>>> print(open('protein.cif').read())   # mmCIF, C-alpha atoms
data_final
loop_
_atom_site.group_PDB
_atom_site.id
_atom_site.type_symbol
_atom_site.label_atom_id
_atom_site.label_comp_id
_atom_site.auth_asym_id
_atom_site.auth_seq_id
_atom_site.Cartn_x
_atom_site.Cartn_y
_atom_site.Cartn_z
ATOM 1 C CA MET I 1 2.487 21.909 -3.080
ATOM 2 C CA GLY I 2 -1.283 22.281 -2.904
ATOM 3 C CA ILE I 3 -3.711 19.638 -1.800
ATOM 4 C CA GLU I 4 -4.673 18.843 -5.408
ATOM 5 C CA ALA I 5 -1.213 17.412 -6.113
ATOM 6 C CA TYR I 6 -1.433 14.993 -3.178
ATOM 7 C CA VAL I 7 -4.968 13.940 -4.115
ATOM 8 C CA ALA I 8 -3.823 13.356 -7.702
ATOM 9 C CA VAL I 9 -0.921 11.115 -6.647
ATOM 10 C CA SER I 10 -3.238 9.273 -4.272
ATOM 11 C CA ALA I 11 -5.772 8.693 -7.058
ATOM 12 C CA ALA I 12 -3.019 7.367 -9.329
ATOM 13 C CA LEU I 13 -1.770 4.968 -6.654
ATOM 14 C CA PHE I 14 -5.332 3.792 -5.997
ATOM 15 C CA ALA I 15 -5.851 3.110 -9.709
ATOM 16 C CA LEU I 16 -2.551 1.183 -9.869
ATOM 17 C CA GLY I 17 -3.720 -0.941 -6.927
ATOM 18 C CA ILE I 18 -6.999 -1.739 -8.692
ATOM 19 C CA VAL I 19 -5.120 -2.668 -11.893
ATOM 20 C CA CYS I 20 -2.708 -4.827 -9.889
ATOM 21 C CA ILE I 21 -5.622 -6.780 -8.394
ATOM 22 C CA LEU I 22 -7.442 -7.129 -11.723
ATOM 23 C CA VAL I 23 -4.782 -8.061 -14.272
ATOM 24 C CA ARG I 24 -2.456 -10.502 -12.484
ATOM 25 C CA ARG I 25 -3.396 -14.138 -11.838
ATOM 26 C CA ASN I 26 -1.606 -14.676 -8.564
ATOM 27 C CA ILE I 27 -3.020 -14.259 -5.079
ATOM 28 C CA LEU I 28 0.105 -12.378 -3.998
ATOM 29 C CA TYR I 29 -0.658 -9.591 -6.475
ATOM 30 C CA VAL I 30 -4.049 -9.164 -4.811
ATOM 31 C CA LEU I 31 -2.158 -8.510 -1.566
ATOM 32 C CA PHE I 32 0.195 -6.061 -3.314
ATOM 33 C CA GLY I 33 -2.808 -4.219 -4.761
ATOM 34 C CA ILE I 34 -4.525 -4.002 -1.375
ATOM 35 C CA GLU I 35 -1.388 -2.516 0.165
ATOM 36 C CA MET I 36 -1.230 0.094 -2.597
ATOM 37 C CA ILE I 37 -4.889 1.014 -2.073
ATOM 38 C CA LEU I 38 -4.415 1.370 1.696
ATOM 39 C CA ASN I 39 -1.369 3.591 1.102
ATOM 40 C CA ALA I 40 -3.375 5.756 -1.296
ATOM 41 C CA ALA I 41 -6.066 6.234 1.366
ATOM 42 C CA ASN I 42 -3.373 7.094 3.912
ATOM 43 C CA ILE I 43 -1.863 9.813 1.708
ATOM 44 C CA ASN I 44 -5.311 11.413 1.539
ATOM 45 C CA PHE I 45 -5.825 11.233 5.307
ATOM 46 C CA VAL I 46 -2.510 12.903 6.097
ATOM 47 C CA ALA I 47 -2.836 15.480 3.301
ATOM 48 C CA PHE I 48 -6.323 16.598 4.340
ATOM 49 C CA ASN I 49 -5.130 16.701 7.949
ATOM 50 C CA ARG I 50 -2.276 19.025 6.921
ATOM 51 C CA PHE I 51 -4.438 21.454 4.964
ATOM 52 C CA ASN I 52 -7.383 21.689 7.386
ATOM 53 C CA GLY I 53 -6.855 23.191 10.811
ATOM 54 C CA ASP I 54 -4.301 22.020 13.354
ATOM 55 C CA GLY I 55 -6.045 18.864 14.603
ATOM 56 C CA LEU I 56 -4.493 15.408 14.452
ATOM 57 C CA GLU I 57 -7.544 13.371 13.382
ATOM 58 C CA GLY I 58 -6.173 12.472 9.966
ATOM 59 C CA ARG I 59 -2.839 11.331 11.346
ATOM 60 C CA MET I 60 -4.564 9.207 14.006
ATOM 61 C CA PHE I 61 -6.633 7.588 11.284
ATOM 62 C CA ALA I 62 -3.484 6.953 9.248
ATOM 63 C CA VAL I 63 -1.883 5.145 12.203
ATOM 64 C CA PHE I 64 -4.937 2.929 12.604
ATOM 65 C CA VAL I 65 -4.927 2.150 8.875
ATOM 66 C CA ILE I 66 -1.272 1.083 9.164
ATOM 67 C CA ILE I 67 -2.150 -1.149 12.146
ATOM 68 C CA LEU I 68 -5.019 -2.726 10.194
ATOM 69 C CA ALA I 69 -2.734 -3.270 7.202
ATOM 70 C CA ALA I 70 -0.229 -5.117 9.396
ATOM 71 C CA ALA I 71 -2.942 -7.389 10.827
ATOM 72 C CA GLU I 72 -4.370 -7.955 7.352
ATOM 73 C CA ALA I 73 -0.977 -8.875 5.902
ATOM 74 C CA ALA I 74 -0.332 -11.461 8.650
ATOM 75 C CA VAL I 75 -3.726 -13.163 8.237
ATOM 76 C CA ALA I 76 -3.576 -12.946 4.434
ATOM 77 C CA LEU I 77 -0.145 -14.601 4.347
ATOM 78 C CA ALA I 78 -1.453 -17.450 6.503
ATOM 79 C CA ILE I 79 -4.428 -17.863 4.167
ATOM 80 C CA VAL I 80 -2.173 -17.822 1.077
ATOM 81 C CA LEU I 81 0.051 -20.532 2.561
ATOM 82 C CA ASN I 82 -2.987 -22.648 3.418
ATOM 83 C CA VAL I 83 -4.532 -22.140 -0.014
ATOM 84 C CA PHE I 84 -1.299 -23.231 -1.691
ATOM 85 C CA HIS I 85 -1.074 -26.249 0.587
ATOM 86 C CA LEU I 86 -4.677 -27.232 -0.226
ATOM 87 C CA PHE I 87 -4.935 -26.441 -3.952
ATOM 88 C CA HIS I 88 -1.260 -26.520 -5.062
ATOM 89 C CA SER I 89 -2.029 -23.302 -6.906
ATOM 90 C CA VAL I 90 -2.016 -19.566 -6.225
ATOM 91 C CA THR I 91 -4.454 -18.580 -8.993
ATOM 92 C CA PRO I 92 -7.491 -16.899 -7.417
ATOM 93 C CA SER I 93 -9.992 -18.352 -9.930
ATOM 94 C CA GLU I 94 -8.936 -21.914 -9.067
ATOM 95 C CA VAL I 95 -9.620 -21.409 -5.376
ATOM 96 C CA ASP I 96 -13.309 -22.225 -5.170
ATOM 97 C CA ARG I 97 -13.763 -24.480 -2.128
ATOM 98 C CA LEU I 98 -13.564 -23.746 1.575
ATOM 99 C CA ARG I 99 -12.745 -27.311 2.615
ATOM 100 C CA GLU I 100 -11.113 -30.427 1.247
ATOM 101 C CA MET A 1 16.193 -8.339 -20.307
ATOM 102 C CA GLU A 2 13.195 -9.199 -22.442
ATOM 103 C CA ASN A 3 12.636 -6.923 -25.392
ATOM 104 C CA THR A 4 9.238 -5.640 -24.229
ATOM 105 C CA SER A 5 10.668 -4.266 -21.002
ATOM 106 C CA ARG A 6 13.055 -1.862 -22.735
ATOM 107 C CA PRO A 7 10.325 0.570 -23.903
ATOM 108 C CA PHE A 8 8.637 0.224 -20.510
ATOM 109 C CA TYR A 9 11.709 1.339 -18.593
ATOM 110 C CA ALA A 10 12.329 4.098 -21.153
ATOM 111 C CA ALA A 11 8.774 5.315 -20.471
ATOM 112 C CA LEU A 12 9.524 5.112 -16.734
ATOM 113 C CA VAL A 13 12.552 7.401 -17.189
ATOM 114 C CA VAL A 14 10.381 9.832 -19.172
ATOM 115 C CA LEU A 15 7.805 9.754 -16.348
ATOM 116 C CA ALA A 16 10.566 10.563 -13.842
ATOM 117 C CA LEU A 17 11.776 13.533 -15.913
ATOM 118 C CA VAL A 18 8.219 14.817 -16.396
ATOM 119 C CA LEU A 19 7.377 14.605 -12.672
ATOM 120 C CA LEU A 20 10.684 16.173 -11.581
ATOM 121 C CA GLY A 21 10.395 18.979 -14.154
ATOM 122 C CA TRP A 22 6.774 19.672 -13.244
ATOM 123 C CA GLY A 23 7.660 19.775 -9.544
ATOM 124 C CA MET A 24 10.660 22.060 -10.222
ATOM 125 C CA GLN A 25 8.594 24.683 -12.037
ATOM 126 C CA ALA A 26 5.696 24.395 -9.554
ATOM 127 C CA ALA A 27 7.613 24.908 -6.298
ATOM 128 C CA HIS A 28 11.415 24.635 -6.614
ATOM 129 C CA ALA A 29 12.966 22.578 -3.798
ATOM 130 C CA GLU A 30 9.743 21.291 -2.268
ATOM 131 C CA GLY A 31 8.355 20.612 -5.715
ATOM 132 C CA LEU A 32 11.499 18.684 -6.671
ATOM 133 C CA ALA A 33 11.125 16.510 -3.572
ATOM 134 C CA PHE A 34 7.426 16.068 -4.343
ATOM 135 C CA GLY A 35 8.230 15.028 -7.896
ATOM 136 C CA LEU A 36 10.822 12.525 -6.685
ATOM 137 C CA PHE A 37 8.420 10.959 -4.177
ATOM 138 C CA ALA A 38 5.593 10.934 -6.733
ATOM 139 C CA PHE A 39 7.885 9.123 -9.168
ATOM 140 C CA LEU A 40 8.936 6.591 -6.511
ATOM 141 C CA THR A 41 5.295 5.949 -5.562
ATOM 142 C CA ILE A 42 3.796 5.679 -9.049
ATOM 143 C CA GLY A 43 6.859 4.126 -10.696
ATOM 144 C CA GLY A 44 7.017 1.428 -8.012
ATOM 145 C CA GLY A 45 3.356 0.599 -8.597
ATOM 146 C CA LEU A 46 3.869 0.455 -12.364
ATOM 147 C CA VAL A 47 6.904 -1.841 -12.055
ATOM 148 C CA CYS A 48 4.928 -4.050 -9.648
ATOM 149 C CA ILE A 49 2.202 -4.516 -12.258
ATOM 150 C CA TRP A 50 4.638 -4.882 -15.144
ATOM 151 C CA GLU A 51 7.294 -7.301 -13.920
ATOM 152 C CA ARG A 52 6.982 -11.025 -14.642
ATOM 153 C CA SER A 53 8.802 -12.076 -11.505
ATOM 154 C CA VAL A 54 6.917 -11.887 -8.212
ATOM 155 C CA VAL A 55 10.171 -11.143 -6.371
ATOM 156 C CA ARG A 56 10.819 -8.054 -8.485
ATOM 157 C CA SER A 57 7.221 -6.920 -7.994
ATOM 158 C CA ALA A 58 7.554 -7.304 -4.229
ATOM 159 C CA PHE A 59 10.803 -5.319 -4.175
ATOM 160 C CA SER A 60 9.294 -2.585 -6.359
ATOM 161 C CA LEU A 61 6.756 -2.055 -3.575
ATOM 162 C CA LEU A 62 9.771 -0.930 -1.525
ATOM 163 C CA ALA A 63 9.923 2.176 -3.749
ATOM 164 C CA THR A 64 6.189 2.750 -3.403
ATOM 165 C CA PHE A 65 6.200 2.548 0.390
ATOM 166 C CA SER A 66 9.313 4.748 0.652
ATOM 167 C CA GLY A 67 7.754 7.346 -1.637
ATOM 168 C CA VAL A 68 4.612 7.440 0.503
ATOM 169 C CA ALA A 69 6.803 7.885 3.594
ATOM 170 C CA GLY A 70 8.434 10.834 1.807
ATOM 171 C CA PHE A 71 5.006 12.396 1.286
ATOM 172 C CA TYR A 72 4.363 12.117 5.019
ATOM 173 C CA VAL A 73 7.610 13.981 5.708
ATOM 174 C CA LEU A 74 6.614 16.709 3.233
ATOM 175 C CA LEU A 75 3.243 16.977 5.012
ATOM 176 C CA GLY A 76 4.946 17.383 8.383
ATOM 177 C CA ALA A 77 3.871 14.000 9.751
ATOM 178 C CA ASP A 78 7.294 12.648 10.735
ATOM 179 C CA PHE A 79 5.844 10.146 13.195
ATOM 180 C CA ILE A 80 3.645 8.577 10.532
ATOM 181 C CA ALA A 81 6.596 8.533 8.119
ATOM 182 C CA VAL A 82 8.756 6.597 10.574
ATOM 183 C CA ALA A 83 5.872 4.269 11.380
ATOM 184 C CA GLN A 84 5.367 3.733 7.643
ATOM 185 C CA ILE A 85 9.015 2.754 7.127
ATOM 186 C CA LEU A 86 9.096 0.554 10.241
ATOM 187 C CA ILE A 87 5.823 -1.273 9.627
ATOM 188 C CA TYR A 88 5.434 -1.294 5.838
ATOM 189 C CA VAL A 89 9.027 -1.560 4.646
ATOM 190 C CA GLY A 90 10.296 -3.520 7.631
ATOM 191 C CA GLY A 91 7.289 -5.663 8.465
ATOM 192 C CA ILE A 92 4.660 -6.020 5.780
ATOM 193 C CA LEU A 93 7.143 -6.193 2.897
ATOM 194 C CA ALA A 94 9.072 -8.939 4.715
ATOM 195 C CA LEU A 95 5.797 -10.832 5.229
ATOM 196 C CA LEU A 96 4.953 -10.478 1.527
ATOM 197 C CA LEU A 97 8.439 -11.737 0.628
ATOM 198 C CA PHE A 98 7.818 -14.792 2.800
ATOM 199 C CA GLY A 99 4.653 -15.366 0.774
ATOM 200 C CA VAL A 100 6.698 -15.007 -2.427
ATOM 201 C CA MET A 101 9.324 -17.473 -1.260
ATOM 202 C CA LEU A 102 6.812 -20.098 -0.112
ATOM 203 C CA THR A 103 4.835 -20.219 -3.378
ATOM 204 C CA PRO A 104 6.163 -21.419 -6.750
ATOM 205 C CA PRO A 105 7.162 -18.890 -9.426
ATOM 206 C CA ASP A 106 5.174 -18.793 -12.657
ATOM 207 C CA MET A 107 6.921 -16.671 -15.285
ATOM 208 C CA ASN A 108 4.110 -17.119 -17.845
ATOM 209 C CA GLU A 109 1.321 -15.818 -15.635
ATOM 210 C CA ARG A 110 1.581 -12.206 -16.792
ATOM 211 C CA LYS A 111 -0.369 -11.524 -19.993
ATOM 212 C CA LEU A 112 0.836 -8.379 -21.726
ATOM 213 C CA THR A 113 -2.555 -7.663 -23.287
ATOM 214 C CA ARG A 114 -4.272 -7.953 -19.910
ATOM 215 C CA VAL A 115 -1.763 -5.595 -18.298
ATOM 216 C CA LEU A 116 -1.988 -3.012 -21.079
ATOM 217 C CA SER A 117 -5.782 -3.110 -21.389
ATOM 218 C CA GLY A 118 -6.170 -2.981 -17.599
ATOM 219 C CA LEU A 119 -3.851 0.026 -17.358
ATOM 220 C CA GLY A 120 -5.671 1.691 -20.263
ATOM 221 C CA ILE A 121 -9.222 1.122 -19.041
ATOM 222 C CA VAL A 122 -8.663 1.874 -15.346
ATOM 223 C CA GLY A 123 -6.349 4.770 -16.227
ATOM 224 C CA ALA A 124 -8.951 6.297 -18.540
ATOM 225 C CA GLY A 125 -11.669 5.845 -15.908
ATOM 226 C CA THR A 126 -9.527 7.422 -13.190
ATOM 227 C CA PHE A 127 -8.579 10.287 -15.495
ATOM 228 C CA TRP A 128 -12.247 10.923 -16.316
ATOM 229 C CA VAL A 129 -13.245 10.949 -12.633
ATOM 230 C CA ALA A 130 -10.250 13.173 -11.820
ATOM 231 C CA MET A 131 -11.290 15.667 -14.505
ATOM 232 C CA LYS A 132 -14.886 15.654 -13.199
ATOM 233 C CA VAL A 133 -13.755 16.150 -9.595
ATOM 234 C CA GLY A 134 -11.026 18.648 -10.474
ATOM 235 C CA GLY A 135 -13.513 20.754 -12.435
ATOM 236 C CA SER A 136 -16.210 20.848 -9.761
ATOM 237 C CA ALA A 137 -14.540 20.347 -6.373
ATOM 238 C CA ASN A 138 -13.834 23.345 -4.147
ATOM 239 C CA TRP A 139 -11.051 22.233 -1.795
ATOM 240 C CA VAL A 140 -11.512 23.932 1.561
ATOM 241 C CA VAL A 141 -7.994 24.807 2.659
ATOM 242 C CA ASP A 142 -7.373 26.529 5.966
ATOM 243 C CA PRO A 143 -6.435 30.137 5.014
ATOM 244 C CA ASN A 144 -3.845 30.481 7.787
ATOM 245 C CA LEU A 145 -2.098 27.141 7.390
ATOM 246 C CA ALA A 146 -0.553 25.782 10.587
ATOM 247 C CA GLU A 147 3.231 25.606 10.786
ATOM 248 C CA ILE A 148 4.640 22.238 9.785
ATOM 249 C CA ALA A 149 5.217 20.330 13.037
ATOM 250 C CA SER A 150 5.389 16.600 13.662
ATOM 251 C CA ARG A 151 3.986 16.816 17.246
ATOM 252 C CA PRO A 152 4.551 13.169 18.270
ATOM 253 C CA LYS A 153 3.760 14.137 21.875
ATOM 254 C CA GLN A 154 0.182 15.108 21.013
ATOM 255 C CA ILE A 155 -0.204 11.859 19.072
ATOM 256 C CA GLY A 156 0.955 9.871 22.107
ATOM 257 C CA VAL A 157 -1.373 11.772 24.441
ATOM 258 C CA GLY A 158 -4.210 11.340 21.968
ATOM 259 C CA PHE A 159 -3.739 7.568 21.927
ATOM 260 C CA LEU A 160 -3.923 7.162 25.699
ATOM 261 C CA ALA A 161 -6.348 9.887 26.843
ATOM 262 C CA MET A 162 -10.117 9.669 27.246
ATOM 263 C CA ASN A 163 -10.263 13.454 26.870
ATOM 264 C CA LEU A 164 -7.662 15.650 25.228
ATOM 265 C CA PRO A 165 -6.524 18.882 26.947
ATOM 266 C CA ASP A 166 -8.623 20.963 24.523
ATOM 267 C CA GLY A 167 -11.819 19.098 25.472
ATOM 268 C CA GLU A 168 -11.960 16.861 22.375
ATOM 269 C CA PRO A 169 -12.447 13.144 23.007
ATOM 270 C CA GLY A 170 -9.267 11.047 22.891
ATOM 271 C CA TYR A 171 -8.601 7.837 20.988
ATOM 272 C CA VAL A 172 -8.002 5.395 23.842
ATOM 273 C CA VAL A 173 -10.983 3.166 22.953
ATOM 274 C CA ALA A 174 -9.851 2.810 19.347
ATOM 275 C CA PHE A 175 -6.291 2.214 20.591
ATOM 276 C CA GLU A 176 -7.383 -0.644 22.867
ATOM 277 C CA LEU A 177 -9.549 -2.084 20.098
ATOM 278 C CA ALA A 178 -6.520 -2.017 17.794
ATOM 279 C CA ALA A 179 -4.509 -3.873 20.447
ATOM 280 C CA ILE A 180 -7.206 -6.572 20.707
ATOM 281 C CA LEU A 181 -7.421 -6.777 16.925
ATOM 282 C CA LEU A 182 -3.656 -7.272 16.599
ATOM 283 C CA THR A 183 -3.686 -10.021 19.243
ATOM 284 C CA VAL A 184 -6.604 -11.820 17.587
ATOM 285 C CA ALA A 185 -5.028 -11.456 14.135
ATOM 286 C CA LEU A 186 -1.662 -12.834 15.270
ATOM 287 C CA VAL A 187 -3.187 -15.814 17.097
ATOM 288 C CA ALA A 188 -5.521 -16.484 14.183
ATOM 289 C CA SER A 189 -2.771 -16.348 11.572
ATOM 290 C CA VAL A 190 -0.611 -18.756 13.562
ATOM 291 C CA TYR A 191 -3.613 -21.063 13.937
ATOM 292 C CA ILE A 192 -4.456 -20.935 10.227
ATOM 293 C CA ALA A 193 -0.898 -21.371 9.014
ATOM 294 C CA ARG A 194 0.109 -24.224 11.307
ATOM 295 C CA ARG A 195 0.531 -27.698 9.892
ATOM 296 C CA LYS A 196 -1.746 -30.289 11.422
ATOM 297 C CA LYS A 197 -0.130 -33.406 12.807
ATOM 298 C CA SER A 198 -1.636 -35.547 10.036
ATOM 299 C CA ASP A 199 -0.130 -33.239 7.385
ATOM 300 C CA LEU A 200 3.297 -33.701 8.881
ATOM 301 C CA GLU A 201 3.070 -37.498 8.996
ATOM 302 C CA GLU A 202 1.485 -38.219 5.595
ATOM 303 C CA PRO A 203 4.272 -36.928 3.341
ATOM 304 C CA ALA A 204 6.803 -39.186 5.060
ATOM 305 C CA LEU A 205 4.642 -42.218 4.251
ATOM 306 C CA GLU A 206 4.148 -41.156 0.626
ATOM 307 C CA GLY A 207 7.801 -40.463 0.055
ATOM 308 C CA GLY A 208 7.740 -36.730 0.739
ATOM 309 C CA ASN A 209 5.824 -35.555 -2.342
ATOM 310 C CA ALA A 210 3.286 -33.408 -0.492
#
>>> encode(input="protein.cif", output="structure tokens")
Amino acid sequence: MGIEAYVAVSAALFALGIVCILVRRNILYVLFGIEMILNAANINFVAFNRFNGDGLEGRMFAVFVIILAAAEAAVALAIVLNVFHLFHSVTPSEVDRLRE
Amino acid sequence: MENTSRPFYAALVVLALVLLGWGMQAAHAEGLAFGLFAFLTIGGGLVCIWERSVVRSAFSLLATFSGVAGFYVLLGADFIAVAQILIYVGGILALLLFGVMLTPPDMNERKLTRVLSGLGIVGAGTFWVAMKVGGSANWVVDPNLAEIASRPKQIGVGFLAMNLPDGEPGYVVAFELAAILLTVALVASVYIARRKKSDLEEPALEGGNA
């Protein structure tokens, strides 16, 4: 498969992530969408690494993106739990204060 | 099964057949695998957006992450594929499921018109950009493509070396920064998520309706 096929799938996954963030009214779907977008970026990194030379830059970048995603998921889950505790709601538009 | 989901899953089956058939005629065995992984990735994302239940959406991400791991295998990056399955499927998905379990379900949150118009508008925009890029971009592909090799040893050396054997700079600084970031993120998330002492005492006084 050529590089265009991988870029096309990556673009589709990125678009799905954007839609997931935009259309659902639940903070958890924002997290799902972010994960999809990060995965789409990762497909591109690894694909371009495969089709350009024999370096490992793209794969290294992909590993760091995965690490960042793990850190982001842990902090985001803590924030979601706190938001629910504070507002008794998980709708992003109802979360409009930083303190009680 | 609600009656709107029947046409959706029928369309999903059609998408699977289209992707598999297109992959078959493009590059036989590899194309078939590509089509399967593309269907897992895109179908999982679609189900995640479509489903009413947050639990089903979270589990559909399992297909998406596994499909992406399959792409890594096809691209010869076995190490990244295993890391993807370990961290995304084993770690991040479990974290997201904790989030799902600790928040209340709301089956009326999904609005069909929002979902359909969002898919239509963003899909049309992405398609337009893809046509623009596909018509003008000149992908520079290495003419003598390297053999597919996972090379985990070079990745390990790259993480821990200031200078690689071929003279390129290594990634040890970024690696250490990632370690610090993970430590800070873990401590911070525990600090944010912890219940304060007053939170634990108040509900008991009010009869436990926190």
>>> residues_around(input="protein.cif", residues="range 3-12 of chain I", least_positions_apart="6", cutoff="8 Å", atoms="only C-alpha atoms", output="VMD selection string")
(chain I and resid 40 to 41 43 to 44 47 to 48 51) or (chain A and resid 38 42 126 130 139)
>>> residues_around(input="protein.cif", residues="range 146-161 of chain A", least_positions_apart="2", cutoff="8 Å", atoms="only C-alpha atoms", output="PyMOL selection string")
(chain I and resi 50+53-54+56+60) or (chain A and resi 75-79+144+163-164+169-172+175)
>>> axis_aligned_box(input="protein.cif", around="range 162-177 of chain A", padding_each_side="4 Å", output="AutoDock Vina command-line options")
--center_x -9.4 --center_y 9.4 --center_z 23.3 --size_x 14.2 --size_y 31.0 --size_z 15.9
>>> resolve_selection(input="protein.cif", expression="the PyMOL selection byres ((chain A and resi 186-194) around 9)", output="NGL selection string")
(:I and (71 or 74-82)) or (:A and (181-185 or 195-196))
>>> write_last_selection(input="protein.cif", atoms="C-alpha atoms", output="short mmCIF file (atom, residue, chain, number, x, y, z; two decimals), in the coordinates of the input")
data_model
loop_
_atom_site.label_atom_id
_atom_site.label_comp_id
_atom_site.auth_asym_id
_atom_site.auth_seq_id
_atom_site.Cartn_x
_atom_site.Cartn_y
_atom_site.Cartn_z
CA ALA I 71 -2.94 -7.39 10.83
CA ALA I 74 -0.33 -11.46 8.65
CA VAL I 75 -3.73 -13.16 8.24
CA ALA I 76 -3.58 -12.95 4.43
CA LEU I 77 -0.14 -14.60 4.35
CA ALA I 78 -1.45 -17.45 6.50
CA ILE I 79 -4.43 -17.86 4.17
CA VAL I 80 -2.17 -17.82 1.08
CA LEU I 81 0.05 -20.53 2.56
CA ASN I 82 -2.99 -22.65 3.42
CA LEU A 181 -7.42 -6.78 16.92
CA LEU A 182 -3.66 -7.27 16.60
CA THR A 183 -3.69 -10.02 19.24
CA VAL A 184 -6.60 -11.82 17.59
CA ALA A 185 -5.03 -11.46 14.14
CA ARG A 195 0.53 -27.70 9.89
CA LYS A 196 -1.75 -30.29 11.42
#
>>> resolve_selection(input="protein.cif", expression="the PyMOL selection byres ((chain I and resi 90-97) around 8)", output="number ranges by chain")
I: 25-28, 80, 83-84, 87-89, 98-100; A: 103
>>> atom_distance(input="protein.cif", atom1="CA of Arg56 in chain A", atom2="CA of Tyr9 in chain A")
13.8 Å
>>> atom_distance(input="protein.cif", atom1="CA of Leu116 in chain A", atom2="CA of Thr64 in chain A")
20.3 Å
>>> atom_distance(input="protein.cif", atom1="CA of Cys48 in chain A", atom2="CA of Val19 in chain I")
10.4 Å
>>> resolve_selection(input="protein.cif", expression="the PyMOL selection byres ((chain I and resi 31) around 10)", output="MDAnalysis selection string")
(chainID I and resid 17 20:21 26:30 32:37 72:73 76:77 80) or (chainID A and resid 96 99)
>>> write_last_selection(input="protein.cif", atoms="C-alpha atoms", output="PDB file, in the coordinates of the input")
ATOM      1  CA  GLY I  17      -3.720  -0.941  -6.927  1.00  0.00           C
ATOM      2  CA  CYS I  20      -2.708  -4.827  -9.889  1.00  0.00           C
ATOM      3  CA  ILE I  21      -5.622  -6.780  -8.394  1.00  0.00           C
ATOM      4  CA  ASN I  26      -1.606 -14.676  -8.564  1.00  0.00           C
ATOM      5  CA  ILE I  27      -3.020 -14.259  -5.079  1.00  0.00           C
ATOM      6  CA  LEU I  28       0.105 -12.378  -3.998  1.00  0.00           C
ATOM      7  CA  TYR I  29      -0.658  -9.591  -6.475  1.00  0.00           C
ATOM      8  CA  VAL I  30      -4.049  -9.164  -4.811  1.00  0.00           C
ATOM      9  CA  PHE I  32       0.195  -6.061  -3.314  1.00  0.00           C
ATOM     10  CA  GLY I  33      -2.808  -4.219  -4.761  1.00  0.00           C
ATOM     11  CA  ILE I  34      -4.525  -4.002  -1.375  1.00  0.00           C
ATOM     12  CA  GLU I  35      -1.388  -2.516   0.165  1.00  0.00           C
ATOM     13  CA  MET I  36      -1.230   0.094  -2.597  1.00  0.00           C
ATOM     14  CA  ILE I  37      -4.889   1.014  -2.073  1.00  0.00           C
ATOM     15  CA  GLU I  72      -4.370  -7.955   7.352  1.00  0.00           C
ATOM     16  CA  ALA I  73      -0.977  -8.875   5.902  1.00  0.00           C
ATOM     17  CA  ALA I  76      -3.576 -12.946   4.434  1.00  0.00           C
ATOM     18  CA  LEU I  77      -0.145 -14.601   4.347  1.00  0.00           C
ATOM     19  CA  VAL I  80      -2.173 -17.822   1.077  1.00  0.00           C
TER      20      VAL I  80
ATOM     21  CA  LEU A  96       4.953 -10.478   1.527  1.00  0.00           C
ATOM     22  CA  GLY A  99       4.653 -15.366   0.774  1.00  0.00           C
TER      23      GLY A  99
END
>>> residues_near_point(input="protein.cif", point="(-6.1, -9.5, -19.0)", cutoff="12 Å", atoms="all atoms listed in the file", output="list in words")
Val19, Cys20, Ile21, Leu22, Val23, Arg24 and Arg25 of chain I; Ile49, Glu109, Arg110, Lys111, Leu112, Thr113, Arg114, Val115, Leu116, Ser117, Gly118, Leu119, Gly120 and Ile121 of chain A
>>> decode(input="protein.cif", residues="range 81-92 of chain A", atoms="C-alpha atoms", output="tab-separated table (two decimals), in the first residue's frame")
chain	number	residue	atom	x	y	z
A	81	ALA	CA	2.41	-1.80	17.67
A	82	VAL	CA	3.08	-3.66	20.91
A	83	ALA	CA	3.43	-0.39	22.80
A	84	GLN	CA	0.12	0.74	21.29
A	85	ILE	CA	-1.68	-2.41	22.47
A	86	LEU	CA	-0.05	-2.31	25.92
A	87	ILE	CA	-0.59	1.39	26.60
A	88	TYR	CA	-3.73	2.28	24.65
A	89	VAL	CA	-5.77	-0.91	24.88
A	90	GLY	CA	-4.44	-1.99	28.26
A	91	GLY	CA	-3.95	1.34	29.99
A	92	ILE	CA	-5.75	4.30	28.49
